[in-house]
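Participant: Okay, handing you the structure first.
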Amino acid sequence: MTNRLSEYTQRITTYSTEKQNLDKKQKNLPLLRLGLFLLFTFLVYRYLTIQSLWSGILAISAFATFVILSLLDSRLKKRIKRIQILIHINEKEVKALAGDYTSFDPGNEFINQSHDYTYDLDIFE
């Protein structure tokens with residue numbers, strides 16, 4: 001039992017440090033995306049008023065970078081959510097090893113009131 005307990009606690013610490021690293025990476029992305037969007041709008045305005053080729057090229061590259069950062073931000077958010085779920089599962093397992101099963105769903109929706117053996121077998125609690 002202590003082997004499983006140490007395995008779950010090790011997983012929790014590993015996932016927690018990984019989540020902290022991903023949070024650091026994801027922290028500045030929204031501000032950077034906002035800056036790129038503002039730069040894109042400024043360059044489009046500049047291209048439309050001056051008709052400068054460089055403004056058009058820079059506007060396209062700023063927009064492409066904005067799209068890439070948006071995709072990266074979305075992937076990071078999905079990874080962070082996945083790691084949060086894994087941390088939660090391992091915390092529930094640690095509680096279950098200690099004998100606390102309150103964090104698990106008792107399965108009340110599967111109890112059939114009209115069936116004779118549902119309460120007799122005590123299969124859900």
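Chain lettering (A, B, ...) mirrors the order of the structure tokens, residue numbering begins at 1 for each chain separately, and ligand numbering begins at 1 in order of display.
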Env of A:Glu18: 12 Å cut, atoms = only C-alpha atoms, seq-sep filter 6 positions within chain, self excluded. Answer as number ranges by chain.
Facilitator: A: 11-12, 24-25, 76, 79-84, 86-87
Participant: So what do you get for atom CA of A:Thr9 versus atom CA of A:Glu91, distance-wise?
Facilitator: 7.9 Å
Participant: With distances taken over only C-alpha atoms, which residue among A:Trp54, A:Phe104, A:Phe40, A:Tyr8 lies nearest A:Phe66?
Facilitator: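 For A:Phe66, the nearest of the given residues is A:Phe40.
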Participant: Could you check how far atom CA of A:Ile85 sits from atom CA of A:Ile68, in Å to one decimal?
Facilitator: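 Taking atom CA of A:Ile85 as the start and atom CA of A:Ile68 as the end point, the length is 26.0 Å.
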Participant: Counting only C-alpha atoms, which of A:Gly99, A:Leu5, A:Thr13, A:Ile60 gets nearest to A:Phe37?
Facilitator: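 Looking at the shortest contact to A:Phe37, the residue is A:Ile60.
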Participant: Going by DSSP on the backbone, which bits of chain A are helix (DSSP H, G or I)? Write them as a PDB file with C-alpha atoms, in the first residue's frame, please.
Facilitator:
```pdb
ATOM      1  CA  THR A   2       2.832   2.407   0.758  1.00  0.00           C
ATOM      2  CA  ASN A   3       4.245   1.687  -2.681  1.00  0.00           C
ATOM      3  CA  ARG A   4       1.023   2.846  -4.332  1.00  0.00           C
ATOM      4  CA  LEU A   5       0.782   5.818  -1.975  1.00  0.00           C
ATOM      5  CA  SER A   6       4.301   6.958  -2.820  1.00  0.00           C
ATOM      6  CA  GLU A   7       3.585   6.439  -6.518  1.00  0.00           C
ATOM      7  CA  TYR A   8       0.485   8.644  -6.365  1.00  0.00           C
ATOM      8  CA  THR A   9       2.236  11.359  -4.360  1.00  0.00           C
ATOM      9  CA  GLN A  10       5.165  11.291  -6.771  1.00  0.00           C
ATOM     10  CA  ARG A  11       2.736  11.697  -9.675  1.00  0.00           C
ATOM     11  CA  ILE A  12       1.077  14.643  -7.917  1.00  0.00           C
ATOM     12  CA  THR A  13       4.409  16.423  -7.437  1.00  0.00           C
ATOM     13  CA  THR A  14       5.479  15.690 -11.020  1.00  0.00           C
ATOM     14  CA  TYR A  15       2.219  16.951 -12.475  1.00  0.00           C
ATOM     15  CA  SER A  16       2.260  19.998 -10.202  1.00  0.00           C
ATOM     16  CA  THR A  17       5.725  21.057 -11.339  1.00  0.00           C
ATOM     17  CA  GLU A  18       4.747  20.456 -14.959  1.00  0.00           C
ATOM     18  CA  LYS A  19       1.626  22.581 -14.458  1.00  0.00           C
ATOM     19  CA  GLN A  20       3.690  25.384 -12.929  1.00  0.00           C
ATOM     20  CA  ASN A  21       6.049  25.336 -15.919  1.00  0.00           C
ATOM     21  CA  LEU A  22       3.141  25.458 -18.364  1.00  0.00           C
ATOM     22  CA  ASP A  23       1.508  28.271 -16.397  1.00  0.00           C
ATOM     23  CA  LYS A  24       4.717  30.293 -16.714  1.00  0.00           C
ATOM     24  CA  LYS A  25       4.756  29.729 -20.474  1.00  0.00           C
ATOM     25  CA  GLN A  26       1.089  30.587 -20.867  1.00  0.00           C
ATOM     26  CA  LYS A  27       1.130  33.655 -18.595  1.00  0.00           C
ATOM     27  CA  LEU A  29       0.753  34.840 -24.272  1.00  0.00           C
ATOM     28  CA  PRO A  30      -2.542  36.806 -24.061  1.00  0.00           C
ATOM     29  CA  LEU A  31      -0.706  40.122 -23.696  1.00  0.00           C
ATOM     30  CA  LEU A  32       1.618  39.230 -26.562  1.00  0.00           C
ATOM     31  CA  ARG A  33      -1.356  38.297 -28.746  1.00  0.00           C
ATOM     32  CA  LEU A  34      -3.032  41.609 -27.940  1.00  0.00           C
ATOM     33  CA  GLY A  35       0.123  43.469 -28.909  1.00  0.00           C
ATOM     34  CA  LEU A  36       0.353  41.555 -32.178  1.00  0.00           C
ATOM     35  CA  PHE A  37      -3.280  42.272 -32.986  1.00  0.00           C
ATOM     36  CA  LEU A  38      -2.791  45.992 -32.350  1.00  0.00           C
ATOM     37  CA  LEU A  39       0.349  45.949 -34.497  1.00  0.00           C
ATOM     38  CA  PHE A  40      -1.582  44.154 -37.247  1.00  0.00           C
ATOM     39  CA  THR A  41      -4.367  46.751 -37.220  1.00  0.00           C
ATOM     40  CA  PHE A  42      -1.849  49.598 -37.265  1.00  0.00           C
ATOM     41  CA  LEU A  43       0.031  48.048 -40.194  1.00  0.00           C
ATOM     42  CA  VAL A  44      -3.197  47.451 -42.139  1.00  0.00           C
ATOM     43  CA  TYR A  45      -4.168  51.091 -41.575  1.00  0.00           C
ATOM     44  CA  ARG A  46      -0.707  52.194 -42.650  1.00  0.00           C
ATOM     45  CA  TYR A  47      -0.879  49.991 -45.756  1.00  0.00           C
ATOM     46  CA  LEU A  48      -4.274  51.374 -46.719  1.00  0.00           C
ATOM     47  CA  THR A  49      -3.214  55.004 -46.290  1.00  0.00           C
ATOM     48  CA  ILE A  50       0.340  54.941 -47.654  1.00  0.00           C
ATOM     49  CA  LEU A  53       4.524  47.181 -49.649  1.00  0.00           C
ATOM     50  CA  TRP A  54       6.541  46.698 -46.465  1.00  0.00           C
ATOM     51  CA  SER A  55       3.539  47.559 -44.329  1.00  0.00           C
ATOM     52  CA  GLY A  56       1.501  44.909 -46.144  1.00  0.00           C
ATOM     53  CA  ILE A  57       4.182  42.269 -45.743  1.00  0.00           C
ATOM     54  CA  LEU A  58       4.634  43.101 -42.061  1.00  0.00           C
ATOM     55  CA  ALA A  59       0.862  43.051 -41.549  1.00  0.00           C
ATOM     56  CA  ILE A  60       0.595  39.577 -43.057  1.00  0.00           C
ATOM     57  CA  SER A  61       3.504  38.309 -40.965  1.00  0.00           C
ATOM     58  CA  ALA A  62       2.021  39.869 -37.794  1.00  0.00           C
ATOM     59  CA  PHE A  63      -1.302  38.184 -38.517  1.00  0.00           C
ATOM     60  CA  ALA A  64       0.382  34.814 -39.147  1.00  0.00           C
ATOM     61  CA  THR A  65       2.291  35.140 -35.879  1.00  0.00           C
ATOM     62  CA  PHE A  66      -0.955  36.049 -34.111  1.00  0.00           C
ATOM     63  CA  VAL A  67      -2.635  32.888 -35.454  1.00  0.00           C
ATOM     64  CA  ILE A  68       0.329  30.719 -34.453  1.00  0.00           C
ATOM     65  CA  LEU A  69       0.349  32.178 -30.938  1.00  0.00           C
ATOM     66  CA  SER A  70      -3.410  31.631 -30.670  1.00  0.00           C
ATOM     67  CA  LEU A  71      -2.977  27.969 -31.562  1.00  0.00           C
ATOM     68  CA  LEU A  72      -0.103  27.637 -29.108  1.00  0.00           C
ATOM     69  CA  ASP A  73      -2.180  29.261 -26.368  1.00  0.00           C
ATOM     70  CA  SER A  74      -5.062  26.893 -27.057  1.00  0.00           C
ATOM     71  CA  ARG A  75      -2.784  23.852 -26.873  1.00  0.00           C
ATOM     72  CA  LEU A  76      -1.220  25.056 -23.637  1.00  0.00           C
ATOM     73  CA  LYS A  77      -4.651  25.584 -22.074  1.00  0.00           C
ATOM     74  CA  LYS A  78      -5.688  22.062 -23.067  1.00  0.00           C
ATOM     75  CA  ARG A  79      -2.488  20.594 -21.590  1.00  0.00           C
ATOM     76  CA  ILE A  80      -2.959  22.566 -18.368  1.00  0.00           C
ATOM     77  CA  LYS A  81      -6.555  21.337 -18.084  1.00  0.00           C
ATOM     78  CA  ARG A  82      -5.430  17.743 -18.680  1.00  0.00           C
ATOM     79  CA  ILE A  83      -2.752  18.017 -15.999  1.00  0.00           C
ATOM     80  CA  GLN A  84      -5.249  19.513 -13.542  1.00  0.00           C
ATOM     81  CA  ILE A  85      -7.518  16.525 -14.127  1.00  0.00           C
ATOM     82  CA  LEU A  86      -4.619  14.106 -13.585  1.00  0.00           C
ATOM     83  CA  ILE A  87      -3.680  15.862 -10.341  1.00  0.00           C
ATOM     84  CA  HIS A  88      -7.292  15.647  -9.168  1.00  0.00           C
ATOM     85  CA  ILE A  89      -7.501  11.922  -9.990  1.00  0.00           C
ATOM     86  CA  ASN A  90      -4.289  11.154  -8.109  1.00  0.00           C
ATOM     87  CA  GLU A  91      -5.437  13.192  -5.097  1.00  0.00           C
ATOM     88  CA  LYS A  92      -8.664  11.185  -5.047  1.00  0.00           C
ATOM     89  CA  GLU A  93      -6.640   7.961  -5.126  1.00  0.00           C
ATOM     90  CA  VAL A  94      -4.498   9.097  -2.199  1.00  0.00           C
ATOM     91  CA  LYS A  95      -7.676   9.815  -0.216  1.00  0.00           C
ATOM     92  CA  ALA A  96      -9.073   6.414  -1.203  1.00  0.00           C
ATOM     93  CA  LEU A  97      -5.927   4.680   0.065  1.00  0.00           C
ATOM     94  CA  ASN A 108     -27.145   6.767  -6.738  1.00  0.00           C
ATOM     95  CA  GLU A 109     -28.461   7.212 -10.266  1.00  0.00           C
ATOM     96  CA  PHE A 110     -28.029   3.472 -10.864  1.00  0.00           C
ATOM     97  CA  THR A 118     -30.368  -3.447  -5.193  1.00  0.00           C
ATOM     98  CA  TYR A 119     -30.219  -2.666  -1.476  1.00  0.00           C
ATOM     99  CA  ASP A 120     -29.591  -6.256  -0.416  1.00  0.00           C
ATOM    100  CA  LEU A 121     -26.375  -6.613  -2.385  1.00  0.00           C
TER     101      LEU A 121
END
```
